[in-house]
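Structure data follow from data.tsv (TSV, C-alpha atoms and all ligand atoms):
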```tsv
chain	number	residue	atom	x	y	z
E	51	MET	CA	26.75	10.41	-47.07
E	52	THR	CA	27.86	14.05	-47.38
E	53	SER	CA	25.87	16.93	-45.92
E	54	GLU	CA	24.80	17.99	-49.44
E	55	THR	CA	23.07	14.68	-50.02
E	56	ILE	CA	21.14	14.74	-46.73
E	57	GLU	CA	17.59	15.99	-47.08
E	58	VAL	CA	15.89	17.91	-44.29
E	59	LYS	CA	13.71	14.91	-43.39
E	60	ASP	CA	16.82	12.75	-43.07
E	61	LEU	CA	18.55	15.38	-40.95
E	62	LYS	CA	15.57	15.31	-38.63
E	63	LYS	CA	15.88	11.56	-38.28
E	64	MET	CA	19.55	12.01	-37.50
E	65	ASP	CA	19.21	14.56	-34.69
E	66	PRO	CA	21.09	12.90	-31.88
E	67	VAL	CA	18.46	12.73	-29.14
E	68	PHE	CA	15.11	14.45	-29.61
E	69	GLY	CA	15.10	13.54	-33.30
E	70	GLN	CA	15.70	9.83	-32.77
E	71	LEU	CA	12.72	7.86	-33.98
E	72	SER	CA	12.69	5.95	-30.70
E	73	PHE	CA	12.87	9.14	-28.62
E	74	ASN	CA	9.30	9.19	-27.55
E	75	GLY	CA	8.59	11.48	-24.64
E	76	HIS	CA	11.57	10.42	-22.53
E	77	GLU	CA	12.03	12.45	-19.33
E	78	GLN	CA	15.76	12.16	-19.00
E	79	ILE	CA	18.73	10.49	-20.63
E	80	VAL	CA	22.01	10.19	-18.77
E	81	PHE	CA	25.33	9.55	-20.51
E	82	CYS	CA	27.84	8.01	-18.12
E	83	ASN	CA	31.53	8.21	-18.96
E	84	ASP	CA	34.51	7.15	-16.85
E	85	GLU	CA	37.99	7.06	-18.31
E	86	GLU	CA	39.59	5.07	-15.50
E	87	THR	CA	37.30	2.03	-15.80
E	88	GLY	CA	36.40	2.58	-19.47
E	89	LEU	CA	32.70	2.77	-18.58
E	90	LYS	CA	30.48	4.10	-21.33
E	91	ALA	CA	26.83	3.74	-20.41
E	92	ILE	CA	23.48	5.35	-21.19
E	93	ILE	CA	20.57	5.39	-18.75
E	94	GLY	CA	17.19	6.09	-20.33
E	95	ILE	CA	14.41	7.30	-18.03
E	96	HIS	CA	11.23	7.26	-20.03
E	97	ASN	CA	8.52	8.02	-17.50
E	98	THR	CA	8.25	8.27	-13.71
E	99	VAL	CA	4.57	9.17	-13.25
E	100	LEU	CA	3.63	5.84	-11.68
E	101	GLY	CA	6.86	5.41	-9.72
E	102	PRO	CA	10.62	5.11	-10.07
E	103	ALA	CA	11.87	4.02	-13.47
E	104	LEU	CA	12.81	0.37	-13.08
E	105	GLY	CA	14.50	-1.62	-15.81
E	106	GLY	CA	17.53	-3.79	-16.37
E	107	THR	CA	21.02	-2.95	-17.55
E	108	ARG	CA	22.19	-4.55	-20.77
E	109	MET	CA	25.87	-4.91	-21.66
E	110	TRP	CA	26.39	-5.43	-25.37
E	111	SER	CA	29.05	-4.86	-28.05
E	112	TYR	CA	27.02	-2.29	-29.96
E	113	LYS	CA	28.31	-1.56	-33.44
E	114	SER	CA	27.86	2.16	-32.83
E	115	GLU	CA	26.76	4.62	-30.16
E	116	TRP	CA	23.66	5.25	-32.28
E	117	GLU	CA	22.71	1.63	-31.96
E	118	ALA	CA	23.21	1.75	-28.18
E	119	LEU	CA	21.15	4.92	-27.85
E	120	ASN	CA	18.36	3.52	-30.00
E	121	ASP	CA	18.31	0.31	-27.97
E	122	VAL	CA	18.09	2.04	-24.59
E	123	LEU	CA	15.35	4.38	-25.79
E	124	ARG	CA	13.22	1.56	-27.20
E	125	LEU	CA	13.72	-0.60	-24.13
E	126	SER	CA	13.05	2.12	-21.53
E	127	ARG	CA	9.81	3.12	-23.25
E	128	GLY	CA	8.77	-0.52	-23.31
E	129	MET	CA	9.32	-0.73	-19.54
E	130	THR	CA	6.94	2.18	-18.91
E	131	TYR	CA	4.11	0.38	-20.71
E	132	LYS	CA	4.98	-3.02	-19.30
E	133	SER	CA	4.70	-1.86	-15.69
E	134	ALA	CA	1.67	0.34	-16.38
E	135	VAL	CA	-0.39	-2.35	-18.11
E	136	THR	CA	0.56	-4.84	-15.38
E	137	GLY	CA	-0.72	-2.52	-12.67
E	138	LEU	CA	2.64	-1.94	-10.96
E	139	ASP	CA	3.56	1.40	-9.39
E	140	LEU	CA	6.68	1.73	-11.46
E	141	GLY	CA	7.89	3.96	-14.25
E	142	GLY	CA	10.01	2.87	-17.18
E	143	GLY	CA	13.77	2.98	-17.51
E	144	LYS	CA	16.63	0.94	-18.84
E	145	ALA	CA	20.40	1.21	-19.13
E	146	VAL	CA	22.98	0.00	-21.60
E	147	ILE	CA	26.70	-0.40	-21.09
E	148	ILE	CA	28.69	-0.37	-24.32
E	149	GLY	CA	31.14	-3.27	-24.36
E	150	ASP	CA	31.62	-7.00	-24.41
E	151	ALA	CA	30.28	-8.51	-21.19
E	152	LYS	CA	32.57	-11.53	-21.57
E	153	THR	CA	35.85	-9.59	-21.85
E	154	GLN	CA	35.24	-6.04	-20.61
E	155	LYS	CA	33.07	-6.46	-17.54
E	156	ASN	CA	34.74	-6.27	-14.14
E	157	ASP	CA	33.82	-5.24	-10.60
E	158	ALA	CA	35.38	-1.76	-10.87
E	159	LEU	CA	33.29	-1.02	-13.97
E	160	MET	CA	30.10	-2.29	-12.33
E	161	ALA	CA	30.79	-0.31	-9.14
E	162	LYS	CA	31.35	2.88	-11.17
E	163	PHE	CA	28.10	2.24	-13.01
E	164	GLY	CA	26.45	1.80	-9.58
E	165	GLU	CA	27.72	5.26	-8.59
E	166	PHE	CA	26.02	6.79	-11.62
E	167	VAL	CA	22.78	4.96	-10.73
E	168	HIS	CA	23.14	6.26	-7.16
E	169	SER	CA	23.58	9.84	-8.37
E	170	LEU	CA	20.00	9.71	-9.69
E	171	GLY	CA	18.72	9.36	-6.13
E	172	GLY	CA	16.34	6.46	-6.80
E	173	LYS	CA	14.67	7.93	-9.86
E	174	TYR	CA	16.15	4.99	-11.79
E	175	ILE	CA	16.39	1.49	-10.27
E	176	THR	CA	18.44	-1.05	-12.12
E	177	ALA	CA	18.22	-4.83	-12.54
E	178	GLU	CA	19.67	-7.60	-14.71
E	179	ASP	CA	19.38	-7.79	-18.46
E	180	VAL	CA	21.43	-9.38	-21.23
E	181	GLY	CA	25.12	-9.64	-20.27
E	182	MET	CA	24.42	-9.24	-16.54
E	183	GLU	CA	24.33	-11.70	-13.70
E	184	THR	CA	23.03	-11.65	-10.14
E	185	ARG	CA	26.61	-11.22	-8.97
E	186	ASP	CA	26.91	-7.92	-10.90
E	187	MET	CA	23.78	-6.66	-9.15
E	188	ASP	CA	25.42	-7.52	-5.83
E	189	VAL	CA	28.46	-5.40	-6.77
E	190	ILE	CA	26.15	-2.50	-7.65
E	191	HIS	CA	24.32	-3.05	-4.36
E	192	ASP	CA	27.58	-2.33	-2.51
E	193	VAL	CA	27.41	1.28	-3.76
E	194	THR	CA	23.69	1.96	-4.07
E	195	PRO	CA	20.39	0.61	-2.74
E	196	HIS	CA	18.75	1.43	-6.09
E	197	VAL	CA	19.17	-2.03	-7.57
E	198	THR	CA	16.99	-5.16	-7.73
E	199	GLY	CA	17.68	-8.74	-8.77
E	200	ILE	CA	20.31	-9.16	-6.08
E	201	SER	CA	21.13	-12.56	-4.55
E	202	GLU	CA	18.50	-14.26	-2.44
E	203	SER	CA	21.10	-14.41	0.37
E	204	ARG	CA	21.06	-10.57	0.35
E	205	GLY	CA	17.28	-10.44	0.42
E	206	GLY	CA	16.83	-10.39	-3.35
E	207	SER	CA	14.23	-12.17	-5.47
E	208	GLY	CA	16.61	-14.40	-7.44
E	209	ASN	CA	16.31	-15.48	-11.07
E	210	PRO	CA	13.20	-13.95	-12.74
E	211	SER	CA	13.18	-16.21	-15.82
E	212	PRO	CA	10.90	-19.01	-14.52
E	213	ILE	CA	8.31	-16.40	-13.49
E	214	THR	CA	8.59	-14.71	-16.88
E	215	ALA	CA	7.99	-18.09	-18.53
E	216	TYR	CA	4.91	-18.67	-16.36
E	217	GLY	CA	3.48	-15.30	-17.40
E	218	VAL	CA	4.13	-16.04	-21.08
E	219	PHE	CA	2.38	-19.39	-20.62
E	220	MET	CA	-0.61	-17.56	-19.11
E	221	GLY	CA	-0.67	-15.13	-22.07
E	222	MET	CA	-0.42	-18.04	-24.50
E	223	LYS	CA	-3.32	-19.86	-22.86
E	224	ALA	CA	-5.45	-16.70	-22.95
E	225	SER	CA	-4.63	-16.37	-26.66
E	226	ALA	CA	-5.66	-19.98	-27.28
E	227	LYS	CA	-8.92	-19.36	-25.43
E	228	HIS	CA	-9.63	-16.35	-27.65
E	229	VAL	CA	-8.82	-18.10	-30.94
E	230	PHE	CA	-9.75	-21.75	-30.35
E	231	GLY	CA	-12.40	-21.35	-27.63
E	232	THR	CA	-10.36	-23.38	-25.11
E	233	ASP	CA	-7.18	-22.54	-23.25
E	234	ASN	CA	-6.09	-26.16	-23.12
E	235	LEU	CA	-2.95	-26.54	-25.20
E	236	GLU	CA	-3.22	-30.31	-25.52
E	237	GLY	CA	-2.44	-31.30	-29.10
E	238	ARG	CA	-1.54	-27.73	-30.13
E	239	LYS	CA	1.65	-27.32	-32.12
E	240	VAL	CA	3.88	-24.60	-30.66
E	241	LEU	CA	7.13	-23.31	-32.13
E	242	VAL	CA	9.46	-21.96	-29.44
E	243	GLN	CA	12.27	-19.89	-30.99
E	244	GLY	CA	15.12	-19.55	-28.49
E	245	VAL	CA	15.33	-22.09	-25.71
E	246	GLY	CA	17.35	-20.14	-23.15
E	247	HIS	CA	16.35	-19.31	-19.58
E	248	VAL	CA	12.74	-18.43	-20.41
E	249	GLY	CA	12.27	-20.67	-23.45
E	250	GLU	CA	13.16	-23.88	-21.66
E	251	THR	CA	10.68	-23.37	-18.80
E	252	LEU	CA	8.02	-22.44	-21.33
E	253	VAL	CA	8.68	-25.70	-23.22
E	254	ASP	CA	8.26	-27.52	-19.91
E	255	TYR	CA	4.84	-25.92	-19.23
E	256	ILE	CA	3.54	-26.58	-22.75
E	257	THR	CA	4.77	-30.17	-22.80
E	258	LYS	CA	3.22	-30.92	-19.42
E	259	GLU	CA	-0.13	-29.76	-20.81
E	260	GLY	CA	0.17	-32.12	-23.78
E	261	GLY	CA	1.24	-29.55	-26.38
E	262	GLU	CA	3.50	-30.58	-29.25
E	263	VAL	CA	6.63	-28.41	-29.15
E	264	ILE	CA	9.04	-27.60	-31.96
E	265	ILE	CA	12.22	-25.96	-30.71
E	266	ASN	CA	14.66	-23.73	-32.58
E	267	ASP	CA	17.93	-22.20	-31.41
E	268	ILE	CA	21.33	-21.29	-32.77
E	269	HIS	CA	22.97	-23.74	-30.34
E	270	GLU	CA	22.62	-27.28	-31.64
E	271	ASP	CA	23.84	-28.91	-28.41
E	272	ARG	CA	21.15	-27.09	-26.45
E	273	LEU	CA	18.48	-28.28	-28.91
E	274	LEU	CA	19.58	-31.88	-28.64
E	275	GLU	CA	19.67	-31.69	-24.84
E	276	LEU	CA	16.15	-30.24	-24.62
E	277	SER	CA	14.79	-32.53	-27.29
E	278	LYS	CA	15.83	-35.48	-25.12
E	279	LYS	CA	14.56	-33.88	-21.92
E	280	TYR	CA	11.09	-32.86	-23.17
E	281	GLY	CA	10.59	-34.96	-26.29
E	282	ALA	CA	10.42	-31.80	-28.40
E	283	THR	CA	10.99	-31.80	-32.16
E	284	VAL	CA	14.12	-29.94	-33.26
E	285	HIS	CA	14.09	-27.55	-36.20
E	286	MET	CA	17.51	-26.16	-37.06
E	287	GLY	CA	18.16	-23.04	-39.13
E	288	SER	CA	16.27	-19.82	-39.64
E	289	ASP	CA	13.55	-20.99	-42.10
E	290	ILE	CA	11.05	-21.41	-39.31
E	291	TYR	CA	8.37	-18.82	-39.97
E	292	GLY	CA	6.38	-20.86	-42.48
E	293	LEU	CA	6.22	-23.95	-40.27
E	294	ASP	CA	2.80	-25.51	-39.88
E	295	VAL	CA	2.15	-24.60	-36.23
E	296	ASP	CA	-0.74	-23.16	-34.19
E	297	ILE	CA	1.39	-20.85	-32.07
E	298	TYR	CA	4.70	-19.09	-32.67
E	299	ALA	CA	6.53	-18.14	-29.47
E	300	PRO	CA	9.50	-15.78	-30.08
E	301	CYS	CA	11.80	-16.24	-27.07
E	302	ALA	CA	15.14	-15.19	-28.52
E	303	LEU	CA	15.52	-11.77	-30.12
E	304	GLY	CA	13.31	-8.78	-30.86
E	305	ALA	CA	12.00	-7.67	-34.30
E	306	THR	CA	11.39	-11.20	-35.62
E	307	ILE	CA	8.00	-10.05	-36.91
E	308	ASN	CA	9.13	-7.94	-39.83
E	309	ASP	CA	8.61	-7.37	-43.58
E	310	ASN	CA	10.50	-10.57	-44.41
E	311	THR	CA	8.77	-12.92	-41.99
E	312	ILE	CA	5.23	-11.67	-41.58
E	313	GLU	CA	3.84	-13.03	-44.86
E	314	GLN	CA	5.35	-16.47	-44.20
E	315	LEU	CA	3.62	-17.02	-40.86
E	316	ASN	CA	1.20	-19.93	-40.72
E	317	ALA	CA	0.60	-19.71	-36.98
E	318	LYS	CA	-2.74	-18.39	-35.72
E	319	ILE	CA	-1.15	-16.88	-32.60
E	320	VAL	CA	2.09	-15.05	-31.80
E	321	ALA	CA	2.82	-15.23	-28.05
E	322	GLY	CA	6.35	-15.22	-26.67
E	323	ALA	CA	8.84	-13.67	-24.26
E	324	ALA	CA	11.12	-11.58	-26.48
E	325	ASN	CA	10.96	-7.81	-26.09
E	326	ASN	CA	9.97	-5.63	-29.07
E	327	GLN	CA	8.85	-8.52	-31.29
E	328	LEU	CA	7.26	-6.22	-33.88
E	329	ALA	CA	9.99	-4.53	-35.95
E	330	ASP	CA	7.48	-1.72	-36.59
E	331	GLU	CA	4.78	-1.83	-33.94
E	332	ILE	CA	2.18	0.04	-35.99
E	333	LYS	CA	2.74	-1.42	-39.45
E	334	HIS	CA	3.34	-5.01	-38.35
E	335	GLY	CA	0.64	-4.89	-35.68
E	336	HIS	CA	-1.86	-3.96	-38.38
E	337	ARG	CA	-0.59	-6.55	-40.84
E	338	LEU	CA	-0.95	-9.34	-38.26
E	339	LYS	CA	-4.51	-8.20	-37.61
E	340	GLU	CA	-5.29	-8.16	-41.35
E	341	ARG	CA	-3.88	-11.67	-41.69
E	342	GLY	CA	-6.07	-12.89	-38.82
E	343	ILE	CA	-3.09	-13.72	-36.61
E	344	LEU	CA	-3.64	-12.90	-32.94
E	345	TYR	CA	-0.72	-11.09	-31.35
E	346	ALA	CA	-0.32	-11.25	-27.55
E	347	PRO	CA	1.56	-8.00	-26.82
E	348	ASP	CA	5.08	-8.89	-25.66
E	349	PHE	CA	5.31	-6.23	-22.95
E	350	LEU	CA	2.08	-7.53	-21.44
E	351	ILE	CA	2.78	-11.26	-21.35
E	352	ASN	CA	6.50	-11.12	-20.48
E	353	ALA	CA	5.91	-9.02	-17.35
E	354	GLY	CA	6.53	-11.90	-14.92
E	355	GLY	CA	10.15	-10.83	-14.52
E	356	ILE	CA	9.29	-7.28	-13.49
E	357	ILE	CA	6.57	-8.57	-11.15
E	358	ASN	CA	9.27	-10.72	-9.55
E	359	VAL	CA	11.83	-7.94	-9.03
E	360	TYR	CA	9.19	-5.42	-7.93
E	361	ALA	CA	8.57	-7.72	-4.97
E	362	GLU	CA	11.92	-6.50	-3.59
E	363	ILE	CA	10.62	-2.91	-3.51
E	364	ALA	CA	6.96	-3.43	-2.67
E	365	LYS	CA	7.92	-6.14	-0.16
E	366	TYR	CA	5.49	-8.80	-1.26
E	367	GLY	CA	6.15	-12.53	-1.19
E	368	ARG	CA	6.08	-15.56	-3.43
E	369	ASP	CA	2.30	-16.06	-3.33
E	370	GLU	CA	1.61	-12.54	-4.48
E	371	ILE	CA	4.23	-12.85	-7.22
E	372	MET	CA	2.44	-15.95	-8.57
E	373	THR	CA	-1.05	-14.40	-8.25
E	374	LYS	CA	0.00	-11.24	-10.07
E	375	THR	CA	1.72	-13.29	-12.80
E	376	GLU	CA	-1.31	-15.56	-13.18
E	377	ASN	CA	-3.43	-12.45	-13.65
E	378	ILE	CA	-1.65	-11.88	-16.98
E	379	TYR	CA	-4.21	-14.41	-18.28
E	380	ASN	CA	-7.17	-12.13	-17.42
E	381	THR	CA	-5.46	-8.94	-18.54
E	382	THR	CA	-4.60	-10.52	-21.90
E	383	LEU	CA	-8.23	-11.57	-22.46
E	384	ASP	CA	-9.40	-8.04	-21.52
E	385	ILE	CA	-6.94	-6.53	-24.01
E	386	PHE	CA	-8.21	-8.82	-26.79
E	387	SER	CA	-11.83	-7.83	-26.08
E	388	LEU	CA	-10.92	-4.14	-26.05
E	389	ALA	CA	-9.04	-4.45	-29.35
E	390	GLU	CA	-12.05	-6.12	-30.97
E	391	LYS	CA	-14.53	-3.62	-29.55
E	392	GLU	CA	-12.49	-0.63	-30.74
E	393	GLY	CA	-11.31	-2.15	-34.01
E	394	ILE	CA	-7.66	-1.56	-33.12
E	395	THR	CA	-4.66	-3.85	-32.88
E	396	THR	CA	-3.97	-5.74	-29.66
E	397	HIS	CA	-0.70	-3.83	-29.34
E	398	GLU	CA	-2.56	-0.52	-29.55
E	399	ALA	CA	-5.14	-1.73	-27.04
E	400	ALA	CA	-2.44	-2.67	-24.52
E	401	LEU	CA	-0.68	0.66	-25.03
E	402	ASN	CA	-3.96	2.55	-24.55
E	403	VAL	CA	-4.72	0.76	-21.28
E	404	ALA	CA	-1.20	1.49	-20.02
E	405	GLN	CA	-1.37	5.15	-21.11
E	406	SER	CA	-4.80	5.62	-19.46
E	407	ARG	CA	-3.35	4.44	-16.16
E	408	ILE	CA	-0.46	6.90	-16.48
E	409	ASP	CA	-2.79	9.77	-17.46
E	410	ALA	CA	-5.17	9.04	-14.55
E	411	ARG	CA	-2.27	9.14	-12.08
E	412	LYS	CA	-1.01	12.37	-13.61
E	413	ASN	CA	-4.45	13.95	-13.16
E	414	GLU	CA	-4.66	12.75	-9.53
E	415	LYS	CA	-1.37	14.52	-8.85
E	416	LYS	CA	-2.58	17.86	-10.25
V	501	LIG	P1	18.62	-16.27	-23.00
V	501	LIG	O1	19.81	-15.52	-23.49
V	501	LIG	O2	18.76	-17.16	-21.82
V	501	LIG	O3	18.02	-17.16	-24.19
V	501	LIG	C1	17.92	-16.75	-25.50
V	501	LIG	C2	18.08	-17.97	-26.38
V	501	LIG	O4	17.85	-17.56	-27.73
V	501	LIG	C3	19.47	-18.59	-26.33
V	501	LIG	O5	19.38	-19.98	-26.14
V	501	LIG	C4	20.07	-18.25	-27.69
V	501	LIG	O6	20.98	-19.22	-28.16
V	501	LIG	C5	18.83	-18.19	-28.55
V	501	LIG	N1	18.99	-17.42	-29.77
V	501	LIG	C6	19.71	-16.30	-29.98
V	501	LIG	N2	19.62	-15.90	-31.25
V	501	LIG	C7	18.80	-16.77	-31.87
V	501	LIG	C8	18.31	-16.89	-33.20
V	501	LIG	N3	18.65	-16.03	-34.14
V	501	LIG	N4	17.48	-17.92	-33.48
V	501	LIG	C9	17.13	-18.82	-32.52
V	501	LIG	N5	17.57	-18.75	-31.26
V	501	LIG	C10	18.40	-17.76	-30.94
V	501	LIG	O7	17.50	-15.17	-22.77
V	501	LIG	P2	16.19	-15.30	-21.86
V	501	LIG	O8	16.48	-14.75	-20.52
V	501	LIG	O9	15.62	-16.66	-22.01
V	501	LIG	O10	15.22	-14.25	-22.59
V	501	LIG	C11	14.62	-14.57	-23.84
V	501	LIG	C12	13.93	-13.33	-24.39
V	501	LIG	O11	12.93	-12.90	-23.46
V	501	LIG	C13	14.87	-12.13	-24.57
V	501	LIG	O12	14.44	-11.41	-25.71
V	501	LIG	C14	14.62	-11.29	-23.32
V	501	LIG	O13	14.87	-9.91	-23.54
V	501	LIG	C15	13.14	-11.55	-23.08
V	501	LIG	N6	12.75	-11.39	-21.68
V	501	LIG	C16	13.36	-12.14	-20.72
V	501	LIG	C17	12.96	-11.97	-19.38
V	501	LIG	C18	13.61	-12.81	-18.29
V	501	LIG	O14	13.08	-12.83	-17.17
V	501	LIG	N7	14.68	-13.52	-18.55
V	501	LIG	C19	11.96	-11.06	-19.04
V	501	LIG	C20	11.33	-10.33	-20.06
V	501	LIG	C21	11.74	-10.49	-21.38
```

Any chance you could give the structure as structure tokens?
Ligand code: NAD
Amino acid sequence: MTSETIEVKDLKKMDPVFGQLSFNGHEQIVFCNDEETGLKAIIGIHNTVLGPALGGTRMWSYKSEWEALNDVLRLSRGMTYKSAVTGLDLGGGKAVIIGDAKTQKNDALMAKFGEFVHSLGGKYITAEDVGMETRDMDVIHDVTPHVTGISESRGGSGNPSPITAYGVFMGMKASAKHVFGTDNLEGRKVLVQGVGHVGETLVDYITKEGGEVIINDIHEDRLLELSKKYGATVHMGSDIYGLDVDIYAPCALGATINDNTIEQLNAKIVAGAANNQLADEIKHGHRLKERGILYAPDFLINAGGIINVYAEIAKYGRDEIMTKTENIYNTTLDIFSLAEKEGITTHEAALNVAQSRIDARKNEKK
């Protein structure tokens, strides 16, 4: 596209930071560059009213810097609302490192990234995300205390995925209660898309309750292994949205509820772990509502992981982690009632509750 063909509205969309569609009230964005290690990272600090901005670091081979920037902005904003709606005293932040985690990650790069995190003086606290492992958090921990998700041997909280799965299960049960009048999943057909760390534990919970699980993944060997282990039905390929199921649980990628998939859905409930499930949170939130499909907001029901890592900062133990995660059930039901009362989408209701908490804290501080 040449400059002559760009209209003013397009130019606005293309402004590098403040004009990005996902730039939504962020407080600070930090670009980290180090020639020696090849580090190219972006830290997005969306909001610190409730506390330090906590959110994981993702290492990914982004096709462009635009894509990386857009990703970090969307994710850091999501963290603000996730922690706020869950009742944690945390703000929202996230970081991305541009590169292939399999071939370009090394200790020197992680330590340099840790130095950038440290330079923010605790305003941003990092954790694991895609492409990261507990070991990487340990390397960061050697240069800064502003990191969570470190090894249990170093006083960390360990792998958050089982807790995330438990929270998603709670959100799913609350959704079933709202739609079917009972939260018992016995006999319910549930499609779990993506059977990785979170997906597998979720399959385990649903199966134990007598639910009928259909699993989908891009890795056939994984599907066969889990099918044997849990007696789940395997569905290969991407033509899954029209399957005759009660519940669709996206546990792989974001944006799977989009213009192409939304009209195909037969499920009565969407409740899963993936972040940013709605490609367009307003448009697709409304369309789900019109179609009578109940959407359990992703940032509300997948908060088990953040509850788990926050334990390292707030110094609470296993029992409190489980109680707080179990409470996702009640919060989800409250959000559904609020959405119905106000005639808004469940996503809007969850955002409003989160924003009210942030606004109240802001007013207290004045
Ligand atoms: P994971 O990488 O362990 O698992 C993801 C699974 O999805 C993999 O098995 C992968 O093969 C599969 N997958 C990828 N693309 C797919 C596709 N197109 N169709 C079907 N399957 C596909 O990740 P995870 O830790 O289990 O997290 C799952 C989702 O939940 C992610 O979106 C993540 O951001 C979100 N989440 C995870 C946590 C956590 O504690 N791990 C917390 C909050 C949110």

Show me, as an mmCIF file with C-alpha atoms, in the frame of the given file, the residues that have an atom within 9 Å of Lys132 (chain E) when counting all atoms listed in the file, minus same-chain residues fewer than 2 positions from it.
```
data_model
loop_
_atom_site.group_PDB
_atom_site.id
_atom_site.type_symbol
_atom_site.label_atom_id
_atom_site.label_comp_id
_atom_site.auth_asym_id
_atom_site.auth_seq_id
_atom_site.Cartn_x
_atom_site.Cartn_y
_atom_site.Cartn_z
ATOM 1 C CA ARG E 127 9.810 3.120 -23.250
ATOM 2 C CA GLY E 128 8.770 -0.520 -23.310
ATOM 3 C CA MET E 129 9.320 -0.730 -19.540
ATOM 4 C CA THR E 130 6.940 2.180 -18.910
ATOM 5 C CA ALA E 134 1.670 0.340 -16.380
ATOM 6 C CA VAL E 135 -0.390 -2.350 -18.110
ATOM 7 C CA THR E 136 0.560 -4.840 -15.380
ATOM 8 C CA GLY E 137 -0.720 -2.520 -12.670
ATOM 9 C CA LEU E 138 2.640 -1.940 -10.960
ATOM 10 C CA GLY E 142 10.010 2.870 -17.180
ATOM 11 C CA ASP E 348 5.080 -8.890 -25.660
ATOM 12 C CA PHE E 349 5.310 -6.230 -22.950
ATOM 13 C CA LEU E 350 2.080 -7.530 -21.440
ATOM 14 C CA ILE E 351 2.780 -11.260 -21.350
ATOM 15 C CA ASN E 352 6.500 -11.120 -20.480
ATOM 16 C CA ALA E 353 5.910 -9.020 -17.350
ATOM 17 C CA ILE E 356 9.290 -7.280 -13.490
ATOM 18 C CA LEU E 401 -0.680 0.660 -25.030
ATOM 19 C CA ALA E 404 -1.200 1.490 -20.020
#
```

Neighbours of point (-7.5, -22.2, -26.9) within 12 Å, using all atoms listed in the file, written as a ChimeraX atom specification: /E:220-239,261,296-297,318-319,344,383

Two-atom distance - CA of Asn120 (chain E), CA of Ile190 (chain E) (Å):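 Interatomic distance, CA of Asn120 (chain E) to CA of Ile190 (chain E): 24.4 Å.
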
Region 149-154 of chain E surroundings by all atoms listed in the file, 10 Å radius, close-in-sequence under 6 positions cut, as a PyMOL selection string: chain E and resi 87-91+108-113+180-182

Contacts of ligand LIG 501 (chain V), 8 Å or closer, only C-alpha atoms and all ligand atoms, given as number ranges by chain: E: 179-180, 209-215, 243-250, 266-269, 272, 287-288, 300-304, 322-325, 349, 352-356

Which residue of E:Thr395, E:Asp188, E:Tyr298, E:Thr107 approaches Gln314 (chain E) most closely, using all atoms listed in the file: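 Residue with the minimum atom-to-atom distance to Gln314 (chain E): E:Tyr298.
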
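Residue nearest Ile408 (chain E), chosen from E:Asp139, E:Glu115, E:Glu392, E:Asp384 and counting only C-alpha atoms: E:Asp139.
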
Gap from CA of Phe386 (chain E) to CA of Thr98 (chain E) - Å, one decimal: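 Between CA of Phe386 (chain E) and CA of Thr98 (chain E) the gap is 27.1 Å.
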
Ref. answer, residues at most 7 Å from (8.6, 5.4, -25.9) with all atoms listed in the file, as a PyMOL selection string: chain E and resi 72-76+96+123-124+127-128

Shell around Asn377 (chain E) at 9 Å using all atoms listed in the file, local window under 3 positions removed, as a list in words: Thr136, Gly217, Met220, Met372, Thr373, Lys374, Asn380, Thr381 and Thr382 of chain E

Next, write the just-selected residues to a file, as a PDB file, keeping the file's coordinate frame, keeping C-alpha atoms as the atom set.
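Result file is part-v7.pdb:
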```pdb
ATOM      1  CA  THR E 136       0.560  -4.840 -15.380  1.00  0.00           C
ATOM      2  CA  GLY E 217       3.480 -15.300 -17.400  1.00  0.00           C
ATOM      3  CA  MET E 220      -0.610 -17.560 -19.110  1.00  0.00           C
ATOM      4  CA  MET E 372       2.440 -15.950  -8.570  1.00  0.00           C
ATOM      5  CA  THR E 373      -1.050 -14.400  -8.250  1.00  0.00           C
ATOM      6  CA  LYS E 374       0.000 -11.240 -10.070  1.00  0.00           C
ATOM      7  CA  ASN E 380      -7.170 -12.130 -17.420  1.00  0.00           C
ATOM      8  CA  THR E 381      -5.460  -8.940 -18.540  1.00  0.00           C
ATOM      9  CA  THR E 382      -4.600 -10.520 -21.900  1.00  0.00           C
TER      10      THR E 382
END
```

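With all atoms listed in the file as the atoms that count, the minimum distance from Val197 (chain E) to the choices E:Thr176, E:Ser169, E:Asn316, E:Ser126 is reached by E:Thr176.
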
Nearest to Asn97 (chain E) by atom-to-atom distance, counting all atoms listed in the file, from E:Lys416, E:Lys258, E:Lys173, E:His334: E:Lys173

Within 8 Å of Ala161 (chain E) using all atoms listed in the file, minus same-chain residues under 2 positions, as a count of residues only: 10

Shell of 8 Å around Val359 (chain E), all atoms listed in the file, local chain residues under 6 positions omitted, as a list in words: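 Near Val359 (chain E), the qualifying residues are Ala177, Thr198, Gly199, Gly206, Ser207 and Pro210 of chain E.
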
Can those selected residues be exported to a file as a PDB file, keeping the file's coordinate frame so that it contains C-alpha atoms?
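Contents of the output file again.pdb:
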```pdb
ATOM      1  CA  ALA E 177      18.220  -4.830 -12.540  1.00  0.00           C
ATOM      2  CA  THR E 198      16.990  -5.160  -7.730  1.00  0.00           C
ATOM      3  CA  GLY E 199      17.680  -8.740  -8.770  1.00  0.00           C
ATOM      4  CA  GLY E 206      16.830 -10.390  -3.350  1.00  0.00           C
ATOM      5  CA  SER E 207      14.230 -12.170  -5.470  1.00  0.00           C
ATOM      6  CA  PRO E 210      13.200 -13.950 -12.740  1.00  0.00           C
TER       7      PRO E 210
END
```

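Rounded to one decimal, CA of Met160 (chain E) and CA of Ala361 (chain E) lie 23.4 Å from each other.
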